[in-house]
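Structure file start-v1.csv (CSV, C-alpha atoms) follows.
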chain,number,residue,atom,x,y,z
A,1,MET,CA,0.0,0.0,0.0
A,2,ILE,CA,1.4,3.4,-1.0
A,3,THR,CA,1.3,6.2,1.5
A,4,LEU,CA,1.3,9.9,0.7
A,5,SER,CA,4.7,10.6,2.2
A,6,GLU,CA,6.3,7.8,0.2
A,7,TYR,CA,4.7,9.1,-3.0
A,8,PHE,CA,6.0,12.6,-2.3
A,9,MET,CA,9.5,11.4,-1.5
A,10,THR,CA,9.5,9.3,-4.8
A,11,ILE,CA,8.3,12.4,-6.8
A,12,LEU,CA,11.2,14.4,-5.2
A,13,ILE,CA,13.8,11.8,-6.1
A,14,THR,CA,12.4,11.4,-9.7
A,15,CYS,CA,12.5,15.1,-10.1
A,16,MET,CA,16.1,15.2,-8.9
A,17,ILE,CA,17.1,12.5,-11.5
A,18,VAL,CA,15.4,14.5,-14.3
A,19,ASN,CA,17.1,17.6,-13.0
A,20,LEU,CA,20.5,15.8,-13.1
A,21,GLY,CA,19.8,14.9,-16.8
A,22,LEU,CA,18.8,18.5,-17.7
A,23,ALA,CA,21.9,19.9,-16.0
A,24,LEU,CA,24.2,17.4,-17.8
A,25,TYR,CA,22.6,18.3,-21.1
A,26,GLY,CA,23.2,22.0,-20.4
A,27,VAL,CA,26.8,21.5,-19.5
A,28,PHE,CA,27.6,19.4,-22.6
A,29,PHE,CA,25.4,20.8,-25.3
A,30,LYS,CA,24.8,24.5,-24.6
A,31,PRO,CA,27.4,26.6,-26.6
A,32,ASN,CA,27.1,29.7,-24.4
A,33,LEU,CA,29.7,29.6,-21.6
A,34,ILE,CA,27.5,31.5,-19.1
A,35,LYS,CA,24.7,28.9,-19.7
A,36,LYS,CA,27.2,26.2,-19.1
A,37,ILE,CA,28.2,27.7,-15.8
A,38,ILE,CA,24.5,28.0,-14.8
A,39,ALA,CA,23.9,24.4,-15.7
A,40,LEU,CA,27.0,23.4,-13.7
A,41,THR,CA,25.7,25.1,-10.5
A,42,ILE,CA,22.3,23.3,-11.0
A,43,LEU,CA,24.3,20.0,-11.3
A,44,GLY,CA,26.2,20.8,-8.1
A,45,ASP,CA,23.1,21.7,-6.2
A,46,THR,CA,21.3,18.5,-7.4
A,47,ALA,CA,24.3,16.4,-6.2
A,48,ASN,CA,24.2,18.2,-2.8
A,49,THR,CA,20.4,17.5,-2.4
A,50,PHE,CA,21.0,13.8,-3.2
A,51,ALA,CA,23.6,13.7,-0.4
A,52,LEU,CA,21.1,15.3,2.0
A,53,ILE,CA,18.4,12.7,1.0
A,54,ILE,CA,20.8,9.9,1.7
A,55,GLY,CA,21.1,11.2,5.3
A,56,TYR,CA,17.4,11.8,5.7
A,57,ARG,CA,15.3,9.9,8.3
A,58,MET,CA,11.7,9.4,7.6
A,59,TRP,CA,9.2,10.4,10.3
A,60,VAL,CA,8.2,7.8,12.8
A,61,ALA,CA,4.5,7.7,13.8
A,62,GLY,CA,3.9,11.3,12.7
A,63,VAL,CA,6.8,12.6,14.8
A,64,PRO,CA,9.1,14.8,12.7
A,65,SER,CA,12.8,14.0,12.4
A,66,ARG,CA,15.0,16.5,14.2
A,67,PRO,CA,17.9,18.5,12.8
A,68,PRO,CA,21.3,17.2,14.2
A,69,VAL,CA,21.4,19.8,16.9
A,70,PHE,CA,21.1,18.6,20.5
A,71,THR,CA,19.2,21.6,21.9
A,72,GLU,CA,18.7,20.1,25.5
A,73,TRP,CA,22.4,19.9,26.2
A,74,ARG,CA,22.0,22.0,29.4
A,75,SER,CA,19.9,19.3,31.1
A,76,ASN,CA,22.8,16.8,31.1
A,77,ASN,CA,20.2,14.0,30.8
A,78,PRO,CA,21.4,10.8,29.0
A,79,LEU,CA,17.8,9.8,28.3
A,80,LEU,CA,17.2,13.0,26.2
A,81,LEU,CA,20.4,12.3,24.4
A,82,PHE,CA,19.2,8.8,23.6
A,83,VAL,CA,15.9,10.1,22.2
A,84,PHE,CA,18.0,12.6,20.2
A,85,THR,CA,20.1,9.9,18.6
A,86,LYS,CA,16.9,8.0,17.7
A,87,THR,CA,15.1,10.9,16.0
A,88,ALA,CA,17.8,13.2,14.5
A,89,VAL,CA,18.9,13.0,10.8
A,90,ASP,CA,22.4,12.0,9.7
A,91,PRO,CA,24.8,14.9,10.2
A,92,LEU,CA,27.6,13.6,8.0
A,93,PRO,CA,26.1,14.5,4.6
A,94,GLN,CA,25.1,17.9,5.9
A,95,ALA,CA,28.7,18.6,7.0
A,96,LEU,CA,30.0,17.5,3.6
A,97,VAL,CA,27.4,19.6,1.7
A,98,LEU,CA,28.1,22.6,3.9
A,99,THR,CA,31.7,22.9,2.7
A,100,ALA,CA,30.8,21.8,-0.9
A,101,ILE,CA,28.4,24.7,-1.3
A,102,VAL,CA,31.0,27.3,-0.3
A,103,ILE,CA,33.7,25.7,-2.4
A,104,GLY,CA,31.2,25.4,-5.3
A,105,LEU,CA,30.6,29.2,-5.0
A,106,ALA,CA,34.4,29.8,-5.2
A,107,VAL,CA,34.8,27.6,-8.2
A,108,THR,CA,31.9,29.2,-9.9
A,109,LEU,CA,33.5,32.6,-9.3
A,110,PHE,CA,36.7,31.3,-10.8
A,111,LEU,CA,34.9,30.0,-13.9
A,112,VAL,CA,33.1,33.4,-14.2
A,113,PHE,CA,36.5,35.1,-14.2
A,114,LEU,CA,37.7,32.7,-17.0
A,115,THR,CA,34.6,33.6,-19.0
A,116,LEU,CA,35.2,37.3,-18.4
A,117,GLN,CA,38.8,36.9,-19.6
A,118,ALA,CA,37.5,35.0,-22.8
A,119,TRP,CA,35.1,37.9,-23.4
A,120,LYS,CA,37.9,40.5,-23.1
A,121,ILE,CA,40.1,38.6,-25.6
A,122,TYR,CA,37.6,37.2,-28.1
A,123,ARG,CA,34.6,39.5,-27.5
A,124,SER,CA,32.4,36.4,-27.4
A,125,VAL,CA,31.3,33.8,-24.9
A,126,ASP,CA,30.0,31.4,-27.5
A,127,MET,CA,32.1,28.2,-27.7
A,128,ARG,CA,31.6,28.0,-31.5
A,129,ASP,CA,33.1,31.5,-32.0
A,130,ILE,CA,36.0,30.9,-29.6
A,131,ARG,CA,36.9,27.6,-31.2
A,132,ARG,CA,37.1,29.3,-34.7
A,133,LEU,CA,39.2,32.2,-33.5
A,134,LYS,CA,42.2,30.3,-32.1
A,135,GLY,CA,43.9,33.3,-30.5
B,1,MET,CA,2.5,27.9,-25.9
B,2,LYS,CA,4.5,25.0,-27.1
B,3,HIS,CA,6.8,25.3,-24.0
B,4,TRP,CA,3.8,24.9,-21.7
B,5,ILE,CA,2.7,21.7,-23.4
B,6,GLY,CA,6.1,20.2,-23.1
B,7,ILE,CA,6.5,21.2,-19.4
B,8,CYS,CA,3.0,19.8,-18.6
B,9,ILE,CA,3.9,16.5,-20.3
B,10,LEU,CA,7.2,16.3,-18.4
B,11,ILE,CA,5.4,16.9,-15.1
B,12,LEU,CA,2.7,14.4,-15.8
B,13,THR,CA,5.4,11.8,-16.8
B,14,ILE,CA,7.3,12.4,-13.6
B,15,LEU,CA,4.1,12.0,-11.5
B,16,ALA,CA,3.2,8.8,-13.3
B,17,ILE,CA,6.6,7.3,-13.0
B,18,SER,CA,6.8,8.2,-9.3
B,19,PHE,CA,3.4,6.6,-8.7
B,20,VAL,CA,4.5,3.3,-10.5
B,21,VAL,CA,7.8,3.2,-8.7
B,22,ALA,CA,6.4,4.0,-5.3
B,23,ALA,CA,3.6,1.5,-5.6
B,24,ASN,CA,6.0,-1.4,-6.6
B,25,ILE,CA,9.4,-0.9,-5.0
B,26,ASN,CA,10.3,0.9,-1.9
B,27,VAL,CA,14.0,1.6,-2.5
B,28,LEU,CA,13.8,5.4,-3.2
B,29,VAL,CA,12.3,6.2,0.2
B,30,PRO,CA,14.8,6.9,3.0
B,31,SER,CA,14.5,4.5,6.0
B,32,THR,CA,13.3,5.4,9.4
B,33,ASN,CA,16.8,4.6,10.8
B,34,VAL,CA,20.1,6.3,10.1
B,35,ARG,CA,23.5,4.5,9.7
B,36,THR,CA,25.4,3.3,12.8
B,37,LEU,CA,28.1,5.8,12.1
B,38,ALA,CA,25.6,8.7,12.2
B,39,GLU,CA,24.2,7.4,15.5
B,40,ILE,CA,27.8,7.4,16.9
B,41,TYR,CA,28.3,11.0,15.7
B,42,LEU,CA,25.0,12.1,17.2
B,43,LYS,CA,25.7,10.4,20.5
B,44,TYR,CA,29.2,11.7,21.0
B,45,THR,CA,28.7,15.3,19.7
B,46,TYR,CA,27.9,16.5,23.2
B,47,TYR,CA,28.7,13.7,25.7
B,48,PRO,CA,30.2,15.1,28.9
B,49,TRP,CA,30.4,11.6,30.5
B,50,ASP,CA,33.2,10.4,28.3
B,51,LYS,CA,35.6,13.2,27.4
B,52,TYR,CA,37.8,11.0,25.2
B,53,PHE,CA,35.3,10.7,22.4
B,54,THR,CA,33.2,13.9,22.4
B,55,ALA,CA,33.6,17.2,20.7
B,56,MET,CA,31.6,19.0,23.4
B,57,SER,CA,29.4,20.8,20.9
B,58,PRO,CA,25.7,20.3,20.6
B,59,GLU,CA,25.8,21.0,16.9
B,60,ALA,CA,26.7,17.7,15.2
B,61,CYS,CA,27.6,19.3,11.8
B,62,THR,CA,30.2,21.7,13.3
B,63,SER,CA,31.7,19.0,15.5
B,64,ILE,CA,32.1,16.8,12.4
B,65,VAL,CA,33.5,19.7,10.3
B,66,TRP,CA,36.1,20.9,12.8
B,67,ASP,CA,36.7,18.0,15.1
B,68,PHE,CA,35.8,14.5,14.0
B,69,ARG,CA,36.9,15.2,10.4
B,70,GLY,CA,38.9,18.3,11.0
B,71,LEU,CA,41.7,17.4,8.6
B,72,ASP,CA,39.3,17.1,5.7
B,73,THR,CA,38.0,20.6,6.4
B,74,VAL,CA,41.6,22.0,6.4
B,75,PHE,CA,42.0,20.5,2.9
B,76,GLU,CA,38.6,21.8,1.8
B,77,THR,CA,39.7,25.3,2.9
B,78,MET,CA,42.8,24.8,0.8
B,79,VAL,CA,40.6,23.9,-2.3
B,80,PHE,CA,38.5,27.0,-1.6
B,81,TYR,CA,41.6,29.2,-1.5
B,82,LEU,CA,43.1,27.6,-4.6
B,83,ALA,CA,39.9,28.8,-6.5
B,84,ILE,CA,40.1,32.3,-5.0
B,85,ILE,CA,43.9,32.6,-5.7
B,86,GLY,CA,43.2,31.4,-9.3
B,87,ALA,CA,40.6,34.1,-9.7
B,88,ILE,CA,42.9,36.8,-8.3
B,89,ALA,CA,45.8,35.6,-10.5
B,90,LEU,CA,43.6,35.8,-13.6
B,91,ALA,CA,42.7,39.4,-12.7
B,92,ARG,CA,46.3,40.5,-12.2
B,93,GLY,CA,47.1,44.0,-13.6
B,94,VAL,CA,43.5,45.1,-13.1
B,95,PRO,CA,43.7,48.5,-11.4
B,96,LEU,CA,41.6,48.8,-8.2
B,97,LYS,CA,42.2,52.5,-7.8
B,98,LEU,CA,40.0,55.5,-7.5
B,99,PRO,CA,39.9,57.6,-10.7
B,100,ARG,CA,41.1,61.2,-10.4
B,101,GLU,CA,37.7,62.7,-10.9
B,102,ILE,CA,34.2,61.1,-10.7
B,103,LYS,CA,31.7,62.7,-13.0
B,104,GLY,CA,28.1,62.9,-12.0
B,105,GLU,CA,26.2,60.9,-9.5
B,106,LEU,CA,27.1,57.2,-9.2
B,107,GLY,CA,24.9,54.3,-8.2
B,108,LEU,CA,21.1,53.8,-8.0
B,109,SER,CA,18.4,56.1,-6.8
B,110,LEU,CA,18.2,57.8,-3.4
B,111,ILE,CA,15.5,55.4,-2.1
B,112,VAL,CA,17.6,52.3,-2.8
B,113,LYS,CA,20.7,54.0,-1.3
B,114,THR,CA,18.9,54.9,1.9
B,115,VAL,CA,17.7,51.3,2.4
B,116,THR,CA,21.2,50.0,1.6
B,117,LYS,CA,22.7,52.2,4.3
B,118,ILE,CA,20.7,50.2,6.8
B,119,VAL,CA,20.7,46.7,5.4
B,120,PRO,CA,24.4,45.8,5.3
B,121,VAL,CA,24.7,46.4,9.0
B,122,LEU,CA,22.0,43.9,9.6
B,123,ILE,CA,23.6,41.4,7.2
B,124,ILE,CA,27.0,41.7,9.0
B,125,ALA,CA,25.3,41.3,12.4
B,126,VAL,CA,23.4,38.2,11.3
B,127,ALA,CA,26.6,36.7,9.6
B,128,GLY,CA,28.5,37.3,12.8
B,129,SER,CA,25.9,35.6,14.9
B,130,ILE,CA,25.8,32.6,12.5
B,131,ALA,CA,29.5,32.3,12.7
B,132,LEU,CA,30.0,32.8,16.4
B,133,HIS,CA,27.1,30.6,17.4
B,134,GLY,CA,28.2,27.9,15.0
B,135,HIS,CA,28.9,25.4,17.8
B,136,LEU,CA,25.5,25.9,19.4
B,137,THR,CA,23.0,26.4,16.6
B,138,PRO,CA,23.0,25.6,12.8
B,139,GLY,CA,25.7,27.6,11.2
B,140,GLY,CA,29.5,28.1,11.3
B,141,GLY,CA,32.4,29.8,9.8
B,142,PHE,CA,31.7,28.9,6.1
B,143,GLN,CA,28.0,29.9,6.2
B,144,GLY,CA,28.7,33.1,8.2
B,145,GLY,CA,31.5,34.2,5.9
B,146,ALA,CA,29.4,33.5,2.8
B,147,THR,CA,26.6,35.6,4.3
B,148,ALA,CA,28.9,38.4,5.3
B,149,ALA,CA,30.2,38.6,1.7
B,150,VAL,CA,26.7,39.6,0.6
B,151,ALA,CA,27.0,43.0,2.2
B,152,PRO,CA,29.9,44.3,0.0
B,153,VAL,CA,28.1,43.0,-3.1
B,154,LEU,CA,25.0,45.0,-2.1
B,155,ILE,CA,27.1,48.1,-1.6
B,156,LEU,CA,29.0,47.5,-4.9
B,157,VAL,CA,25.8,47.3,-6.9
B,158,VAL,CA,23.9,50.1,-5.2
B,159,PHE,CA,26.7,52.7,-4.5
B,160,SER,CA,29.4,51.7,-7.1
B,161,GLN,CA,32.9,50.3,-6.4
B,162,PHE,CA,34.5,53.6,-5.6
B,163,TYR,CA,32.3,53.9,-2.4
B,164,LEU,CA,34.0,50.8,-1.0
B,165,LEU,CA,37.5,51.7,-2.2
B,166,LYS,CA,37.2,55.1,-0.7
B,167,ARG,CA,36.5,53.5,2.7
B,168,GLY,CA,39.5,51.2,2.7
B,169,VAL,CA,37.8,48.0,1.5
B,170,ASN,CA,40.3,47.3,-1.2
B,171,LYS,CA,42.3,44.3,-2.4
B,172,ASN,CA,45.2,44.7,0.0
B,173,SER,CA,43.2,45.2,3.2
B,174,MET,CA,41.0,42.2,2.3
B,175,LEU,CA,44.2,40.1,1.6
B,176,LEU,CA,45.4,41.1,5.0
B,177,LEU,CA,42.1,40.1,6.7
B,178,ARG,CA,42.2,36.8,4.8
B,179,SER,CA,45.8,36.1,5.9
B,180,ILE,CA,44.8,36.9,9.5
B,181,GLY,CA,42.0,34.3,9.2
B,182,LEU,CA,44.2,31.6,7.6
B,183,THR,CA,47.0,32.2,10.2
B,184,GLY,CA,44.4,31.9,13.0
B,185,ILE,CA,43.2,28.6,11.6
B,186,GLY,CA,46.8,27.3,11.5
B,187,ILE,CA,47.5,28.5,15.1
B,188,THR,CA,44.3,26.9,16.4
B,189,ALA,CA,45.1,23.6,14.6
B,190,PHE,CA,48.5,23.5,16.3
B,191,ALA,CA,47.3,25.0,19.6
B,192,ALA,CA,47.2,21.6,21.5
B,193,VAL,CA,50.6,20.7,20.1
B,194,LEU,CA,52.1,24.0,21.3
B,195,ILE,CA,50.6,23.6,24.7
B,196,GLY,CA,51.9,20.0,24.8
B,197,LEU,CA,55.4,21.2,23.9
B,198,ALA,CA,55.4,23.9,26.5
B,199,THR,CA,54.2,21.5,29.3
B,200,GLY,CA,56.1,18.4,28.1
B,201,HIS,CA,53.0,16.3,27.3
B,202,TYR,CA,52.0,14.3,24.3
B,203,ALA,CA,49.4,16.0,22.0
B,204,PHE,CA,47.9,15.9,18.5
B,205,VAL,CA,47.4,18.4,15.7
B,206,LEU,CA,43.8,19.5,15.4
B,207,GLN,CA,43.1,18.1,18.9
B,208,ASN,CA,40.2,19.5,20.8
B,209,GLN,CA,39.2,17.5,23.8
B,210,PRO,CA,41.6,15.0,25.5
B,211,LYS,CA,42.3,11.7,23.7
B,212,PRO,CA,43.2,8.3,25.1
B,213,LEU,CA,46.8,8.7,23.9
B,214,ALA,CA,47.0,12.4,25.0
B,215,PRO,CA,44.9,12.6,28.2
B,216,ASP,CA,46.6,15.6,29.7
B,217,ILE,CA,46.1,18.2,27.0
B,218,SER,CA,42.7,19.7,26.1
B,219,LEU,CA,41.3,23.0,25.0
B,220,PRO,CA,38.7,24.4,27.5
B,221,ALA,CA,35.1,23.5,26.6
B,222,PHE,CA,33.7,26.2,28.9
B,223,VAL,CA,35.0,29.7,29.4
B,224,GLY,CA,33.4,31.6,32.2
B,225,GLY,CA,30.4,29.3,32.2
B,226,GLN,CA,29.9,29.7,28.4
B,227,LEU,CA,30.2,26.7,26.2
B,228,ILE,CA,32.8,27.5,23.5
B,229,SER,CA,33.6,23.8,22.6
B,230,GLY,CA,37.4,24.2,22.8
B,231,SER,CA,38.8,24.9,19.4
B,232,LEU,CA,35.5,24.9,17.5
B,233,TRP,CA,34.7,28.6,18.3
B,234,PHE,CA,38.1,29.8,17.2
B,235,PHE,CA,38.0,27.7,14.0
B,236,ASN,CA,34.5,29.2,13.2
B,237,PHE,CA,35.7,32.7,13.9
B,238,PHE,CA,38.8,32.6,11.8
B,239,GLU,CA,37.1,30.7,9.0
B,240,PHE,CA,34.5,33.5,9.0
B,241,LEU,CA,37.1,36.1,8.5
B,242,ALA,CA,38.9,34.2,5.8
B,243,VAL,CA,35.8,33.3,3.8
B,244,ALA,CA,34.3,36.7,4.0
B,245,ALA,CA,37.5,38.4,2.9
B,246,GLY,CA,38.2,35.9,0.1
B,247,PHE,CA,34.8,36.4,-1.4
B,248,THR,CA,35.0,40.2,-1.0
B,249,ILE,CA,38.3,40.3,-3.0
B,250,VAL,CA,36.7,38.3,-5.9
B,251,PHE,CA,33.5,40.4,-5.9
B,252,LEU,CA,35.6,43.6,-6.0
B,253,LEU,CA,37.6,42.4,-8.9
B,254,ILE,CA,34.7,41.0,-10.9
B,255,THR,CA,32.6,44.2,-10.7
B,256,LEU,CA,35.4,46.4,-12.0
B,257,PRO,CA,34.1,48.9,-14.6
B,258,GLU,CA,35.1,47.6,-18.0
B,259,LYS,CA,36.3,51.0,-19.3
B,260,LEU,CA,38.9,51.2,-16.6
B,261,ALA,CA,40.3,47.7,-17.3
B,262,GLU,CA,40.5,48.4,-21.0
B,263,ALA,CA,42.2,51.8,-20.6
B,264,LYS,CA,44.9,50.1,-18.5
B,265,GLU,CA,45.4,47.4,-21.1
B,266,GLU,CA,45.6,49.8,-24.0
B,267,LYS,CA,48.2,51.9,-22.1
B,268,HIS,CA,50.2,48.7,-21.4
B,269,VAL,CA,50.1,47.7,-25.1
B,270,ALA,CA,51.1,51.3,-26.2
B,271,GLU,CA,54.2,51.1,-24.0
B,272,GLY,CA,55.3,48.0,-25.9
B,273,GLY,CA,54.2,45.4,-23.4
B,274,GLU,CA,52.5,42.1,-24.4
B,275,LYS,CA,48.7,42.1,-24.3
Translate the structure of the given file into structure tokens.
Amino acid sequence: MITLSEYFMTILITCMIVNLGLALYGVFFKPNLIKKIIALTILGDTANTFALIIGYRMWVAGVPSRPPVFTEWRSNNPLLLFVFTKTAVDPLPQALVLTAIVIGLAVTLFLVFLTLQAWKIYRSVDMRDIRRLKG
Amino acid sequence: MKHWIGICILILTILAISFVVAANINVLVPSTNVRTLAEIYLKYTYYPWDKYFTAMSPEACTSIVWDFRGLDTVFETMVFYLAIIGAIALARGVPLKLPREIKGELGLSLIVKTVTKIVPVLIIAVAGSIALHGHLTPGGGFQGGATAAVAPVLILVVFSQFYLLKRGVNKNSMLLLRSIGLTGIGITAFAAVLIGLATGHYAFVLQNQPKPLAPDISLPAFVGGQLISGSLWFFNFFEFLAVAAGFTIVFLLITLPEKLAEAKEEKHVAEGGEK
């Protein structure tokens, strides 16, 4: 029997796979360098979301999963910590994604600089023109 | 019109495929349990009953980023700075200087300028709180730095670049701030080793709380009753400085008025230099 939450989760993952395909198409087949960079950022964000889904924990009996932050740390209560470990989502993919986003932004800026340089020299950001010019 | 038909067909296909997949197999749905490794991380992120394994930070992500897998993050910072240094190297020779005279009014309208005088202060405040509370609430140095870098972008767009340059936010001051941040990360990473050398005990690089092989050396988890989680607070603070300054340099270089860059290049060629 299919539940609504399972159906929504499957829609999300199917959309991500379609998104991955569209982003790859953009990176490979769009001649405009700026559009290639946009497609690359979409590809990176899709990969990050996949990593987050891997670490996600489905709700148990209508109780939402918690973010991996132990907010009751002042109580010093081991029982609350046990409940926390049984309801929180996986923190490892989140930690990896956190740095990946910032590094992705830096790499995107680097690529934008390369494109700017190509525009200054060739006066074009179209791959077909740049290939013909050979300067 | 044709676009809409295509998009509708795509959406319907996705919904149908999802229904078929969800009705037949259950592999695409995350389970109600996480991996054992994740449970160990969640258990030991704040575990004052066993100091040898914990990072003493309620925020599991920050404790993974700067304690459990701290060496990974050091190399990730290196990758980040390779990209920033690459961008700066590509923009070498670009003059970041004030012109002798500025003609007319620069920037956007008065309304936008008035709002922008207020908003960057708030952005910097929020960024600082994200970075400095990184060991207690979701956040940390990377996120805080990326947030803080939004404020210079806003000023660049609304007021023009000369407004920032006139107030000392130029390439050299930001390079200095970035160097302070990176040096701070290095010193924090070696802090336990330095304390160990001074007191004659065994200690590790990137050590935060005591370890079974180095039980005598640890950085304080509480300072004056406030939880700072040992080295995590310092790592977050210095990473905040480094990331914010790195992004500000690149944004400054990327928004250079094109006329200025070209004028410099033409002068260089006229003097007999290579383009």
Around all listed atoms of stretch 126-133 of chain B, padded 8 Å per side, what centre and edge lengths does the axis-aligned box have in Å to one decimal, as JSON?
{"center_x": 26.7, "center_y": 34.4, "center_z": 13.5, "size_x": 22.6, "size_y": 23.6, "size_z": 23.8}
- Skipping near chain neighbours, those fewer than 6 positions away, what residues fall within 9 Å of B:Ala203 using all atoms listed in the file, listed as a list in words? Ala192, Val193, Leu194, Ile195, Gly196, Leu197, Pro210, Lys211, Leu213, Ala214, Pro215, Asp216, Ile217 and Ser218 of chain B
The residue from A:Ala51, A:Val69, A:Ile38, A:Ala88 with the smallest atom-to-atom distance to chain B, counting only C-alpha atoms, is A:Val69
Would you mind listing, as a PyMOL selection string, all residues of chain A that have at least one atom within 7 Å of chain B, where all atoms listed in the file are what counts?
chain A and resi 1-2+6-7+9-11+14-15+54-60+68-71+73+81+85+89-92+94-95+99+102-103+106-107+110+113
**Report entry** Coordinates-based distance that separates atom CA of A:Ala47 from atom CA of A:Phe8 (Å, one decimal)
**Finding:**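 Going from atom CA of A:Phe8 over to atom CA of A:Ala47, I get 19.1 Å.
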So how many Å separate atom CA of B:Lys117 and atom CA of A:Leu105, to one decimal?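 Computed distance, atom CA of B:Lys117 to atom CA of A:Leu105, equals 26.0 Å.
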* Asked: Given the choices B:Gln161, B:Ser179, B:Thr248, B:Asn208, which gets closest to B:Ile228 if the distance is worked out from all atoms listed in the file?
  ->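 Among the listed residues, the smallest separation from B:Ile228 belongs to B:Asn208.
Atom CA of B:Val169 sits 17.7 Å away from atom CA of B:Leu106.
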Practice task
Compile the contact shell of A:Asn19 as a PyMOL selection string: residues with an atom at most 9 Å away, counting only C-alpha atoms, same-chain residues fewer than 3 positions apart removed.
Solution key: chain A and resi 14-16+22-24+42-43+46
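Shortest atom-to-atom contact with A:Gly44 among A:Arg128, A:Leu20, A:Leu109, A:Ile121: A:Leu20, counting only C-alpha atoms.
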Residue list as a count of residues only for point (27.9, 36.5, 10.8), cut-off 10 Å, only C-alpha atoms: 28
